[in-house]
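Heads up, target26.cif below (mmCIF, C-alpha atoms and all ligand atoms):
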```
data_structure
#
loop_
_atom_site.label_atom_id
_atom_site.label_comp_id
_atom_site.auth_asym_id
_atom_site.auth_seq_id
_atom_site.Cartn_x
_atom_site.Cartn_y
_atom_site.Cartn_z
CA MET A 161 113.15 30.60 189.10
CA THR A 162 111.75 30.63 192.62
CA ILE A 163 111.62 33.75 194.71
CA LEU A 164 114.16 33.53 197.47
CA GLN A 165 112.60 33.25 200.93
CA THR A 166 115.59 33.24 203.28
CA ILE A 167 119.16 34.37 203.01
CA PRO A 168 121.70 32.13 204.77
CA GLU A 169 124.48 33.47 207.01
CA ARG A 170 127.22 31.58 205.16
CA MET A 171 127.92 30.65 201.55
CA THR A 172 130.41 28.85 199.36
CA ALA A 173 132.84 31.16 197.60
CA ILE A 174 136.19 30.88 195.85
CA SER A 175 139.10 32.68 197.47
CA ILE A 176 142.67 33.28 196.33
CA SER A 177 144.71 31.56 199.03
CA ALA A 178 147.98 33.17 197.85
CA PRO A 179 149.20 34.73 194.59
CA GLY A 180 149.96 31.96 192.11
CA GLY A 181 148.65 29.48 189.57
CA PRO A 182 145.07 28.25 189.16
CA GLU A 183 145.52 25.85 192.10
CA VAL A 184 145.39 28.78 194.57
CA LEU A 185 141.67 29.21 193.82
CA THR A 186 140.16 27.55 196.88
CA PRO A 187 136.52 26.88 197.85
CA VAL A 188 135.80 28.43 201.27
CA HIS A 189 132.84 29.03 203.57
CA HIS A 190 132.36 32.75 203.76
CA ASP A 191 129.88 35.15 205.33
CA VAL A 192 127.14 36.23 202.94
CA PRO A 193 127.98 39.88 202.17
CA ARG A 194 125.95 42.64 203.80
CA ILE A 195 124.49 45.30 201.54
CA GLY A 196 124.60 49.06 201.87
CA GLU A 197 121.55 51.21 201.23
CA THR A 198 122.38 51.68 197.52
CA ASP A 199 123.28 48.01 196.90
CA VAL A 200 121.41 44.87 195.98
CA LEU A 201 122.30 41.34 197.08
CA ILE A 202 122.31 38.92 194.14
CA ARG A 203 121.87 35.19 194.57
CA VAL A 204 124.38 34.06 191.94
CA ALA A 205 123.42 31.43 189.37
CA ALA A 206 126.45 31.96 187.13
CA ALA A 207 129.69 33.96 187.30
CA GLY A 208 131.81 34.94 184.31
CA VAL A 209 135.58 34.42 184.28
CA ASN A 210 137.73 37.23 182.86
CA GLY A 211 141.28 38.21 182.05
CA PRO A 212 141.48 40.56 185.06
CA ASP A 213 140.63 37.58 187.34
CA LEU A 214 143.76 35.84 186.05
CA SER A 215 145.85 38.93 186.82
CA GLN A 216 144.30 39.23 190.31
CA ARG A 217 145.02 35.54 191.00
CA ARG A 218 148.66 36.00 189.93
CA GLY A 219 148.99 38.93 192.36
CA GLN A 220 149.33 41.48 189.53
CA TYR A 221 146.00 43.30 189.89
CA ALA A 222 144.97 44.09 193.46
CA PRO A 223 141.28 44.84 194.10
CA PRO A 224 140.63 48.57 194.53
CA PRO A 225 140.25 49.82 198.14
CA GLY A 226 136.97 48.65 199.68
CA ALA A 227 136.29 45.97 197.04
CA SER A 228 135.81 42.31 197.93
CA PRO A 229 139.09 40.36 197.91
CA LEU A 230 137.20 37.43 196.35
CA PRO A 231 137.56 37.15 192.56
CA GLY A 232 134.70 37.55 190.09
CA LEU A 233 133.66 40.68 188.19
CA GLU A 234 130.36 39.65 186.60
CA VAL A 235 127.36 37.53 187.51
CA ALA A 236 123.81 36.64 186.58
CA GLY A 237 121.25 35.59 189.15
CA GLU A 238 118.26 36.72 191.13
CA ILE A 239 117.90 39.66 193.49
CA ALA A 240 117.77 38.37 197.07
CA ALA A 241 117.68 41.68 198.95
CA VAL A 242 117.43 45.37 198.07
CA GLY A 243 119.02 48.32 199.88
CA SER A 244 116.69 50.91 201.39
CA ALA A 245 117.64 53.61 198.85
CA VAL A 246 117.34 51.41 195.75
CA ASP A 247 114.58 52.07 193.21
CA GLY A 248 113.74 49.93 190.23
CA PHE A 249 114.72 46.48 191.50
CA ALA A 250 112.78 44.02 193.66
CA VAL A 251 113.50 40.67 195.29
CA GLY A 252 113.12 37.93 192.70
CA ASP A 253 114.15 40.03 189.66
CA GLU A 254 116.42 38.16 187.28
CA VAL A 255 119.47 40.28 186.57
CA MET A 256 123.04 40.46 185.31
CA ALA A 257 125.61 42.72 186.95
CA LEU A 258 129.10 44.12 186.85
CA THR A 259 130.41 43.45 190.35
CA ASN A 260 133.27 45.15 192.19
CA GLY A 261 134.68 41.67 192.98
CA GLY A 262 133.28 38.66 194.81
CA GLY A 263 131.37 37.16 191.89
CA TYR A 264 132.79 33.65 192.37
CA ALA A 265 130.32 33.05 195.20
CA GLU A 266 126.75 32.08 195.96
CA TYR A 267 125.85 35.67 196.88
CA VAL A 268 127.38 39.01 195.96
CA ALA A 269 126.59 42.60 196.96
CA VAL A 270 126.55 45.00 194.01
CA PRO A 271 125.83 48.73 193.71
CA ALA A 272 122.37 48.88 192.12
CA GLY A 273 123.66 51.18 189.37
CA GLN A 274 125.74 48.30 187.98
CA VAL A 275 122.80 45.92 187.62
CA LEU A 276 120.87 45.30 184.40
CA PRO A 277 117.84 43.12 183.72
CA LEU A 278 118.38 39.67 182.27
CA PRO A 279 117.78 39.94 178.50
CA THR A 280 114.59 38.06 177.64
CA PHE A 281 116.04 35.22 175.61
CA TRP A 282 119.33 34.82 177.48
CA SER A 283 120.08 32.04 179.96
CA MET A 284 121.79 32.84 183.25
CA GLU A 285 125.11 31.43 182.01
CA GLU A 286 124.93 33.41 178.76
CA ALA A 287 124.13 36.63 180.64
CA ALA A 288 126.90 36.03 183.20
CA ALA A 289 129.38 36.18 180.33
CA LEU A 290 128.33 39.66 179.27
CA PRO A 291 128.81 42.54 181.77
CA GLU A 292 132.60 42.84 182.21
CA CYS A 293 133.38 42.84 178.50
CA TRP A 294 130.32 44.86 177.46
CA PHE A 295 130.97 47.55 180.09
CA THR A 296 134.62 47.69 178.93
CA VAL A 297 133.78 48.01 175.25
CA THR A 298 130.86 50.38 175.84
CA GLN A 299 132.99 52.73 177.92
CA THR A 300 135.97 52.73 175.55
CA LEU A 301 134.88 52.08 171.97
CA VAL A 302 131.32 53.41 172.15
CA MET A 303 131.26 56.24 174.71
CA ARG A 304 134.86 57.51 174.59
CA ALA A 305 135.80 56.78 170.97
CA GLY A 306 132.32 57.65 169.65
CA LEU A 307 131.74 54.61 167.46
CA GLU A 308 129.21 55.39 164.73
CA PRO A 309 127.41 53.33 162.10
CA GLY A 310 129.52 52.75 159.01
CA MET A 311 132.86 53.08 160.79
CA SER A 312 135.45 50.32 160.29
CA VAL A 313 136.75 48.83 163.54
CA LEU A 314 139.89 46.70 163.80
CA VAL A 315 139.41 44.32 166.76
CA HIS A 316 142.38 42.40 168.18
CA GLY A 317 141.73 39.14 170.06
CA ALA A 318 138.32 39.07 168.39
CA ALA A 319 137.48 35.53 169.49
CA GLY A 320 138.18 36.33 173.16
CA GLY A 321 135.96 37.97 175.75
CA VAL A 322 136.67 41.66 175.16
CA GLY A 323 137.32 41.26 171.44
CA GLY A 324 134.17 39.19 170.96
CA ALA A 325 132.12 41.85 172.74
CA ALA A 326 133.70 44.53 170.54
CA VAL A 327 132.77 42.61 167.39
CA SER A 328 129.18 42.02 168.59
CA ILE A 329 128.64 45.61 169.69
CA ALA A 330 130.22 47.11 166.57
CA ALA A 331 128.09 44.90 164.32
CA ALA A 332 124.94 45.69 166.31
CA LEU A 333 125.59 49.44 165.97
CA GLY A 334 126.01 49.19 162.20
CA ALA A 335 129.80 49.52 162.19
CA TRP A 336 132.10 47.27 160.16
CA PRO A 337 134.19 44.97 162.40
CA ILE A 338 137.47 43.57 161.08
CA ALA A 339 138.42 40.71 163.40
CA VAL A 340 142.06 39.82 164.12
CA VAL A 341 142.40 36.15 165.15
CA SER A 342 144.99 33.37 165.13
CA SER A 343 143.19 30.30 163.73
CA PRO A 344 140.40 29.26 161.33
CA ARG A 345 138.19 28.13 164.27
CA LYS A 346 138.54 31.53 165.92
CA ALA A 347 137.84 33.17 162.53
CA ALA A 348 134.58 31.20 162.16
CA TYR A 349 133.53 32.21 165.67
CA ALA A 350 134.33 35.90 165.05
CA ARG A 351 132.25 35.76 161.87
CA ALA A 352 129.35 34.22 163.82
CA LEU A 353 129.55 37.17 166.24
CA GLY A 354 129.25 39.61 163.35
CA ALA A 355 132.75 40.20 161.96
CA ALA A 356 132.61 41.48 158.37
CA GLU A 357 136.25 40.64 157.61
CA ILE A 358 139.00 38.52 159.16
CA ILE A 359 142.74 39.01 159.47
CA ASP A 360 144.65 35.91 160.62
CA ARG A 361 147.57 37.45 162.53
CA THR A 362 149.63 34.25 162.16
CA ARG A 363 149.60 34.36 158.36
CA GLU A 364 148.74 37.85 157.22
CA ASP A 365 150.32 41.27 157.59
CA LEU A 366 148.06 43.34 159.83
CA VAL A 367 148.69 46.79 158.32
CA GLU A 368 148.71 45.63 154.71
CA HIS A 369 145.40 43.81 155.14
CA ALA A 370 143.70 46.55 157.13
CA LEU A 371 144.61 49.04 154.41
CA ALA A 372 143.58 46.67 151.60
CA LEU A 373 140.22 46.00 153.25
CA THR A 374 139.50 49.73 153.57
CA GLY A 375 140.61 50.75 150.08
CA ASP A 376 143.86 52.21 151.51
CA ARG A 377 141.88 54.60 153.71
CA GLY A 378 142.69 52.84 156.99
CA VAL A 379 140.39 51.89 159.85
CA ASP A 380 138.37 54.38 161.89
CA ARG A 381 138.67 52.66 165.25
CA VAL A 382 140.94 50.02 166.84
CA VAL A 383 140.36 47.91 169.95
CA ASP A 384 143.79 46.73 171.08
CA LEU A 385 144.64 44.19 173.78
CA LEU A 386 148.27 43.69 172.81
CA GLY A 387 150.34 46.88 172.97
CA GLY A 388 154.10 46.42 172.47
CA GLU A 389 154.96 46.26 168.79
CA THR A 390 151.29 46.28 167.82
CA ALA A 391 150.99 49.94 168.90
CA ALA A 392 152.87 51.27 165.86
CA LYS A 393 151.01 48.87 163.56
CA ASN A 394 147.68 50.16 164.84
CA ILE A 395 148.75 53.72 164.08
CA ALA A 396 149.87 52.73 160.57
CA ALA A 397 146.51 50.99 160.00
CA CYS A 398 144.40 53.99 161.08
CA ALA A 399 142.48 56.36 158.86
CA ARG A 400 142.71 60.12 159.42
CA GLY A 401 140.83 60.93 162.64
CA GLY A 402 141.19 57.35 163.85
CA HIS A 403 140.96 56.43 167.53
CA ILE A 404 142.75 53.49 169.15
CA VAL A 405 141.39 52.24 172.48
CA GLN A 406 143.99 50.37 174.52
CA VAL A 407 142.37 47.93 176.94
CA SER A 408 145.28 45.61 177.67
CA THR A 409 148.98 45.03 177.04
CA LEU A 410 149.18 41.26 176.54
CA ALA A 411 152.20 41.63 174.23
CA GLY A 412 154.00 44.52 175.96
CA GLY A 413 153.38 47.36 178.38
CA THR A 414 155.65 49.84 176.63
CA ALA A 415 155.79 50.82 172.99
CA GLU A 416 157.58 53.12 170.56
CA VAL A 417 154.87 55.33 169.13
CA PRO A 418 155.32 57.42 165.92
CA LEU A 419 153.99 60.68 167.32
CA ARG A 420 154.44 62.64 164.07
CA GLN A 421 152.25 60.16 162.21
CA MET A 422 149.66 60.55 164.95
CA MET A 423 149.75 64.33 164.68
CA ALA A 424 149.71 64.34 160.89
CA ARG A 425 146.64 62.11 160.76
CA ASP A 426 144.77 63.51 163.76
CA LEU A 427 144.84 60.24 165.70
CA THR A 428 143.77 59.57 169.29
CA LEU A 429 145.12 56.85 171.57
CA SER A 430 143.15 56.37 174.78
CA ALA A 431 143.63 53.81 177.52
CA SER A 432 141.85 52.77 180.70
CA THR A 433 140.90 49.94 183.02
CA LEU A 434 137.32 49.41 184.10
CA ARG A 435 137.71 48.07 187.63
CA PRO A 436 138.91 51.22 189.46
CA GLN A 437 136.28 53.45 187.82
CA SER A 438 133.90 55.15 190.25
CA PRO A 439 130.40 53.76 190.96
CA ALA A 440 129.02 56.82 189.15
CA THR A 441 131.02 56.01 186.01
CA LYS A 442 130.02 52.34 186.10
CA ALA A 443 126.39 53.37 186.55
CA ALA A 444 126.67 55.73 183.56
CA ILE A 445 128.01 52.87 181.44
CA ALA A 446 125.15 50.63 182.60
CA ARG A 447 122.66 53.34 181.64
CA HIS A 448 124.26 53.67 178.22
CA ILE A 449 123.99 49.90 177.67
CA HIS A 450 120.39 49.93 178.82
CA GLU A 451 119.39 52.88 176.66
CA HIS A 452 121.36 52.17 173.48
CA LEU A 453 122.42 48.52 173.34
CA PHE A 454 119.86 46.54 175.28
CA VAL A 455 117.42 46.64 172.37
CA HIS A 456 119.87 44.46 170.41
CA LEU A 457 120.18 41.94 173.26
CA GLU A 458 116.39 41.64 173.21
CA ASN A 459 116.57 40.33 169.64
CA ARG A 460 116.16 36.55 169.94
CA ASP A 461 118.77 35.99 167.21
CA PHE A 462 121.49 38.15 168.75
CA PRO A 463 124.70 36.04 168.71
CA ARG A 464 125.68 34.63 172.11
CA PRO A 465 129.25 34.03 173.24
CA ARG A 466 130.58 30.49 172.98
CA LEU A 467 130.63 29.18 176.55
CA THR A 468 132.78 26.77 178.51
CA VAL A 469 130.68 26.07 181.63
CA LEU A 470 132.06 24.56 184.84
CA PRO A 471 130.86 24.21 188.45
CA LEU A 472 131.96 27.02 190.81
CA GLU A 473 134.17 24.60 192.73
CA GLU A 474 136.14 23.95 189.53
CA ALA A 475 137.41 27.52 189.30
CA PRO A 476 141.02 26.29 188.82
CA ALA A 477 139.97 24.37 185.68
CA ALA A 478 138.09 27.46 184.50
CA HIS A 479 141.25 29.59 184.78
CA ARG A 480 143.29 26.91 182.97
CA ALA A 481 140.69 26.89 180.19
CA LEU A 482 140.87 30.69 179.76
CA GLU A 483 144.67 30.62 179.80
CA ALA A 484 144.90 28.00 177.02
CA SER A 485 146.04 29.57 173.73
CA ASP A 486 143.41 27.69 171.69
CA HIS A 487 140.56 28.93 173.93
CA PHE A 488 137.89 31.17 172.47
CA GLY A 489 134.61 32.56 173.75
CA LYS A 490 133.94 32.91 177.47
CA VAL A 491 134.25 30.72 180.57
CA VAL A 492 131.43 30.64 183.14
CA LEU A 493 131.10 29.10 186.62
CA LEU A 494 127.75 27.77 187.83
CA THR A 495 126.83 27.74 191.52
CA ALA A 496 124.99 24.74 193.01
CA TRP A 497 121.78 26.78 192.76
CA GLY A 498 122.51 27.70 189.15
CA ARG A 499 123.10 24.05 188.28
CA ARG A 500 119.92 22.86 189.94
CA GLU A 501 117.59 25.38 188.39
CA GLU A 502 116.28 25.23 184.86
CA ILE A 503 118.02 28.29 183.47
N1 LIG B 601 140.92 47.68 180.28
C1 LIG B 601 139.90 47.04 180.81
O1 LIG B 601 139.02 47.65 181.40
C2 LIG B 601 139.80 45.57 180.66
C3 LIG B 601 138.58 44.92 180.93
C4 LIG B 601 138.50 43.53 180.72
C5 LIG B 601 139.64 42.84 180.31
N2 LIG B 601 140.81 43.50 180.13
C6 LIG B 601 142.01 42.79 179.72
O2 LIG B 601 141.87 42.48 178.36
C7 LIG B 601 142.66 41.32 178.09
C8 LIG B 601 141.79 40.34 177.30
O3 LIG B 601 140.78 39.83 178.12
P1 LIG B 601 139.80 38.75 177.54
O4 LIG B 601 138.88 38.40 178.64
O5 LIG B 601 139.26 39.20 176.25
O6 LIG B 601 140.83 37.55 177.30
P2 LIG B 601 140.71 36.32 176.32
O7 LIG B 601 139.29 35.89 176.23
O8 LIG B 601 141.76 35.36 176.74
O9 LIG B 601 141.09 36.92 174.88
C9 LIG B 601 142.36 37.45 174.59
C10 LIG B 601 142.64 37.23 173.12
O10 LIG B 601 143.81 37.95 172.79
C11 LIG B 601 144.49 37.26 171.74
N3 LIG B 601 145.93 37.38 171.92
C12 LIG B 601 146.77 37.89 171.02
N4 LIG B 601 148.01 37.92 171.50
C13 LIG B 601 147.97 37.39 172.73
C14 LIG B 601 148.95 37.15 173.72
N5 LIG B 601 150.24 37.48 173.53
N6 LIG B 601 148.55 36.58 174.87
C15 LIG B 601 147.24 36.26 175.08
N7 LIG B 601 146.27 36.49 174.17
C16 LIG B 601 146.63 37.05 173.01
C17 LIG B 601 144.00 35.83 171.73
O11 LIG B 601 143.39 35.60 170.48
P3 LIG B 601 144.20 35.15 169.19
O12 LIG B 601 145.09 34.04 169.60
O13 LIG B 601 143.12 34.71 168.25
O14 LIG B 601 144.91 36.36 168.71
C18 LIG B 601 142.92 35.78 172.80
O15 LIG B 601 141.74 35.18 172.29
C19 LIG B 601 143.13 40.76 179.43
O16 LIG B 601 144.47 41.16 179.62
C20 LIG B 601 142.23 41.46 180.41
O17 LIG B 601 142.85 41.61 181.66
C21 LIG B 601 140.90 44.84 180.27
#
```

What would the structure in this file look like if it were written as structure tokens?
Ligand SMILES: NC(=O)c1ccc[n+]([C@@H]2O[C@H](COP(=O)([O-])OP(=O)(O)OC[C@H]3O[C@@H](n4cnc5c(N)ncnc54)[C@H](OP(=O)(O)O)[C@@H]3O)[C@@H](O)[C@H]2O)c1
Amino acid sequence: MTILQTIPERMTAISISAPGGPEVLTPVHHDVPRIGETDVLIRVAAAGVNGPDLSQRRGQYAPPPGASPLPGLEVAGEIAAVGSAVDGFAVGDEVMALTNGGGYAEYVAVPAGQVLPLPTFWSMEEAAALPECWFTVTQTLVMRAGLEPGMSVLVHGAAGGVGGAAVSIAAALGAWPIAVVSSPRKAAYARALGAAEIIDRTREDLVEHALALTGDRGVDRVVDLLGGETAAKNIAACARGGHIVQVSTLAGGTAEVPLRQMMARDLTLSASTLRPQSPATKAAIARHIHEHLFVHLENRDFPRPRLTVLPLEEAPAAHRALEASDHFGKVVLLTAWGRREEI
């Protein structure tokens, strides 16, 4: 990578012209963002595509106040400018970052606390697929639910972005991931990420299998993206003291929950979204990743997400790819600079 010499006034970015389908993602010329004293400006090589981007595009997930209206919650690239109060980063550093929006662009301004170094053996496109899902899983499963080595973890949507990160992180921390998927191809991918066991939700009973796999004890932790009718199944599948982290509601935003079972077995159900968290919270998650998980990313053999890579200008195709039911792994957009460089 070359060290950036000049920062242009304008850049190519993808905007959401109106709430709607993938076709509303439109390439535009946009001012390069200005940075505050605690921010860095990242020249973007690659930007990850995530479930929340789909919701934002559909008009169902507005950016928090002050955030860029442009989509894109994670990037990898090179630092192009550093705010006056920032320590620890310099122009030319290769990094990955959780953004507050605006990642589908050639440049993005990011609070420095949300920036991590590029892991040694990771390409820009691999690293761009990491922050959003790793911050989500680190905050919920690791920091809040206190995942420990030896625990069993039931992971829904295990071949997707969040689920795949949950499987990888759980395996890296010495836990025992049980991956819930919907096809043999997704099962093979979840195994490659580190899943110890598989439940195919299209053919097998979730609760029965989770109990059978844990000798009738139940699972210690659950990462759920579905909600709806799955909520009660998660509770039935939990061991005493179990903790369910709810990160999405793809199958239903309301649920009937057997509270007595929860009380009798000392269960916890927690739920959150990452995007509106404060900069201090996001920085604390970044620190946790750096201090406790980064060592695993530095292992050359650490499993990488399966990638579908497209040019930035093909953001509509990227959203269609992520929305397809047979999709697994992550989708990444490459800027013109990211495509030209050897990364
Ligand atoms: N709370 C947070 O902070 C946070 C952060 C990031 C993302 N999210 C949300 O988490 C969800 C998953 O994001 P992602 O990036 O992991 O998405 P993804 O890559 O598309 O993965 C979702 C997985 O869920 C499974 N699934 C099961 N039932 C589904 C249904 N009814 N509709 C769609 N998928 C279903 C699918 O796998 P199978 O077919 O194999 O079951 C799919 O692979 C999104 O709603 C996203 O907005 C929340």

Give me, as a JSON list (two decimals) with C-alpha atoms, keeping the file's coordinate frame, all polymer residues having an atom no more than 7 Å from region 408-423 of chain A, counting all atoms listed in the file and skipping those fewer than 3 positions away in the same chain.
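And here is the file that came out, result-v4.json:
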```
[["chain", "number", "residue", "atom", "x", "y", "z"],
["A", 384, "ASP", "CA", 143.79, 46.73, 171.08],
["A", 385, "LEU", "CA", 144.64, 44.19, 173.78],
["A", 386, "LEU", "CA", 148.27, 43.69, 172.81],
["A", 387, "GLY", "CA", 150.34, 46.88, 172.97],
["A", 388, "GLY", "CA", 154.10, 46.42, 172.47],
["A", 389, "GLU", "CA", 154.96, 46.26, 168.79],
["A", 391, "ALA", "CA", 150.99, 49.94, 168.90],
["A", 392, "ALA", "CA", 152.87, 51.27, 165.86],
["A", 395, "ILE", "CA", 148.75, 53.72, 164.08],
["A", 426, "ASP", "CA", 144.77, 63.51, 163.76],
["A", 427, "LEU", "CA", 144.84, 60.24, 165.70]]
```

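Using all atoms listed in the file, the nearest neighbour of ligand LIG 601 (chain B) within the list A:Leu276, A:Val192, A:Leu201, A:Ala319 is A:Ala319.
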
Compute the set of protein, DNA and RNA residues whose minimum atom distance to ligand LIG 601 (chain B) is at most 6 Å, using only C-alpha atoms and all ligand atoms, and state it as a list in words.
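Protein and nucleic-acid residues within 6 Å of ligand LIG 601 (chain B): Asn210, Gly211, Pro212, Cys293, Thr296, Gly317, Ala319, Gly320, Gly321, Val322, Gly323, Val341, Ser342, Leu385, Leu386, Val407, Ser408, Leu410, Ala411, Ser432, Thr433, Leu434, Leu482 and Phe488 of chain A.
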
Please compute the CA of Leu314 (chain A)-CA of Asp365 (chain A) distance, one decimal, in Å.
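Computing the Euclidean distance for CA of Leu314 (chain A) and CA of Asp365 (chain A) yields 13.3 Å.
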
Residue with smallest distance to Val327 (chain A) - pool A:Ala265, A:Met303, A:Leu366, A:Val383, counting all atoms listed in the file:
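Among the listed residues, A:Val383 lies closest to Val327 (chain A).
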
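Within the 6 Å cut-off around region 249-261 of chain A, using only C-alpha atoms and omitting residues fewer than 3 positions from it on the same chain, the listed residues are Ile163, Ala227, Ser228, Leu230, Pro231, Gly232, Leu233, Glu234, Val235, Ala236, Gly237, Glu238, Ile239, Ala240, Ala241, Val270, Gln274, Val275, Leu276, Pro277, Leu278, Pro291 and Glu292 of chain A.
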
Work out how far CA of Gly263 (chain A) is from CA of Gly226 (chain A), in Å to one decimal.
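So the two atoms, CA of Gly226 (chain A) and CA of Gly263 (chain A), lie 15.0 Å apart.
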
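Distance-wise, CA of Ile329 (chain A) and CA of Ala348 (chain A) end up 17.3 Å apart.
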
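Distance annotation: of A:Ala331, A:Ala396, A:Ala272, A:Ala484, the residue with the minimal separation from Arg447 (chain A) is A:Ala272; atom set is all atoms listed in the file.
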
Measuring between only C-alpha atoms, which one of A:Gly273, A:Pro168, A:Pro182, A:Gly243 shows the shortest distance to Ala475 (chain A)?
A:Pro182

Ranking A:Ala178, A:Leu429, A:Val379, A:Ala207 by minimum distance to Leu470 (chain A) and counting all atoms listed in the file, which one comes first?
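Answer, going by the shortest atom-to-atom distance: A:Ala207.
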
For the point (137.0, 35.0, 166.1) in file coordinates, what residues are within 12 Å, counting only C-alpha atoms? Give the answer as a count of residues only?
46

For Pro271 (chain A), which residue among A:Glu308, A:Asp247, A:Glu451, A:Asp199 is the nearest when counting all atoms listed in the file?
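When distances to Pro271 (chain A) are compared using all atoms listed in the file, the smallest one comes from A:Asp199.
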
Give me, as an NGL selection string, all polymer residues having an atom no more than 12 Å from region 304-307 of chain A, counting all atoms listed in the file and skipping those fewer than 2 positions away in the same chain.
:A and (296-302 or 309-314 or 326 or 329-337 or 379-383 or 401-406 or 427-432 or 445 or 448)

Thr172 (chain A): which residues within 12 Å, counting only C-alpha atoms, same-chain residues fewer than 5 positions away excluded, as a PyMOL selection string?
chain A and resi 186-193+203-204+230+262-268+471-473+494-497

Same residues, C-alpha atoms, saved as a PDB file, keeping the file's coordinate frame:
```
ATOM      1  CA  THR A 186     140.160  27.550 196.880  1.00  0.00           C
ATOM      2  CA  PRO A 187     136.520  26.880 197.850  1.00  0.00           C
ATOM      3  CA  VAL A 188     135.800  28.430 201.270  1.00  0.00           C
ATOM      4  CA  HIS A 189     132.840  29.030 203.570  1.00  0.00           C
ATOM      5  CA  HIS A 190     132.360  32.750 203.760  1.00  0.00           C
ATOM      6  CA  ASP A 191     129.880  35.150 205.330  1.00  0.00           C
ATOM      7  CA  VAL A 192     127.140  36.230 202.940  1.00  0.00           C
ATOM      8  CA  PRO A 193     127.980  39.880 202.170  1.00  0.00           C
ATOM      9  CA  ARG A 203     121.870  35.190 194.570  1.00  0.00           C
ATOM     10  CA  VAL A 204     124.380  34.060 191.940  1.00  0.00           C
ATOM     11  CA  LEU A 230     137.200  37.430 196.350  1.00  0.00           C
ATOM     12  CA  GLY A 262     133.280  38.660 194.810  1.00  0.00           C
ATOM     13  CA  GLY A 263     131.370  37.160 191.890  1.00  0.00           C
ATOM     14  CA  TYR A 264     132.790  33.650 192.370  1.00  0.00           C
ATOM     15  CA  ALA A 265     130.320  33.050 195.200  1.00  0.00           C
ATOM     16  CA  GLU A 266     126.750  32.080 195.960  1.00  0.00           C
ATOM     17  CA  TYR A 267     125.850  35.670 196.880  1.00  0.00           C
ATOM     18  CA  VAL A 268     127.380  39.010 195.960  1.00  0.00           C
ATOM     19  CA  PRO A 471     130.860  24.210 188.450  1.00  0.00           C
ATOM     20  CA  LEU A 472     131.960  27.020 190.810  1.00  0.00           C
ATOM     21  CA  GLU A 473     134.170  24.600 192.730  1.00  0.00           C
ATOM     22  CA  LEU A 494     127.750  27.770 187.830  1.00  0.00           C
ATOM     23  CA  THR A 495     126.830  27.740 191.520  1.00  0.00           C
ATOM     24  CA  ALA A 496     124.990  24.740 193.010  1.00  0.00           C
ATOM     25  CA  TRP A 497     121.780  26.780 192.760  1.00  0.00           C
TER      26      TRP A 497
END
```

Please export region 304-312 of chain A as a PDB file, in the first residue's frame, restricted to N, CA, C and O atoms.
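Output below, filename result_22.pdb:
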```pdb
ATOM      1  N   ARG A 304     -21.333  -9.242  27.682  1.00  0.00           N
ATOM      2  CA  ARG A 304     -22.553  -9.204  28.501  1.00  0.00           C
ATOM      3  C   ARG A 304     -22.911 -10.584  29.045  1.00  0.00           C
ATOM      4  O   ARG A 304     -23.268 -10.723  30.212  1.00  0.00           O
ATOM      5  N   ALA A 305     -22.839 -11.600  28.166  1.00  0.00           N
ATOM      6  CA  ALA A 305     -23.269 -12.941  28.602  1.00  0.00           C
ATOM      7  C   ALA A 305     -22.110 -13.742  29.180  1.00  0.00           C
ATOM      8  O   ALA A 305     -22.289 -14.892  29.585  1.00  0.00           O
ATOM      9  N   GLY A 306     -20.910 -13.171  29.218  1.00  0.00           N
ATOM     10  CA  GLY A 306     -19.790 -13.801  29.918  1.00  0.00           C
ATOM     11  C   GLY A 306     -19.408 -15.179  29.393  1.00  0.00           C
ATOM     12  O   GLY A 306     -19.205 -16.103  30.180  1.00  0.00           O
ATOM     13  N   LEU A 307     -19.304 -15.309  28.093  1.00  0.00           N
ATOM     14  CA  LEU A 307     -18.913 -16.599  27.509  1.00  0.00           C
ATOM     15  C   LEU A 307     -17.581 -17.073  28.092  1.00  0.00           C
ATOM     16  O   LEU A 307     -16.629 -16.287  28.184  1.00  0.00           O
ATOM     17  N   GLU A 308     -17.547 -18.344  28.470  1.00  0.00           N
ATOM     18  CA  GLU A 308     -16.307 -18.907  29.030  1.00  0.00           C
ATOM     19  C   GLU A 308     -15.945 -20.192  28.313  1.00  0.00           C
ATOM     20  O   GLU A 308     -16.811 -20.845  27.727  1.00  0.00           O
ATOM     21  N   PRO A 309     -14.665 -20.566  28.355  1.00  0.00           N
ATOM     22  CA  PRO A 309     -14.257 -21.829  27.740  1.00  0.00           C
ATOM     23  C   PRO A 309     -15.085 -22.990  28.271  1.00  0.00           C
ATOM     24  O   PRO A 309     -15.422 -23.025  29.455  1.00  0.00           O
ATOM     25  N   GLY A 310     -15.413 -23.907  27.385  1.00  0.00           N
ATOM     26  CA  GLY A 310     -16.167 -25.096  27.796  1.00  0.00           C
ATOM     27  C   GLY A 310     -17.671 -24.935  27.712  1.00  0.00           C
ATOM     28  O   GLY A 310     -18.410 -25.923  27.739  1.00  0.00           O
ATOM     29  N   MET A 311     -18.157 -23.696  27.637  1.00  0.00           N
ATOM     30  CA  MET A 311     -19.609 -23.498  27.542  1.00  0.00           C
ATOM     31  C   MET A 311     -20.132 -23.956  26.173  1.00  0.00           C
ATOM     32  O   MET A 311     -19.446 -23.781  25.159  1.00  0.00           O
ATOM     33  N   SER A 312     -21.337 -24.493  26.140  1.00  0.00           N
ATOM     34  CA  SER A 312     -21.993 -24.788  24.861  1.00  0.00           C
ATOM     35  C   SER A 312     -22.776 -23.555  24.422  1.00  0.00           C
ATOM     36  O   SER A 312     -23.394 -22.867  25.246  1.00  0.00           O
TER      37      SER A 312
END
```
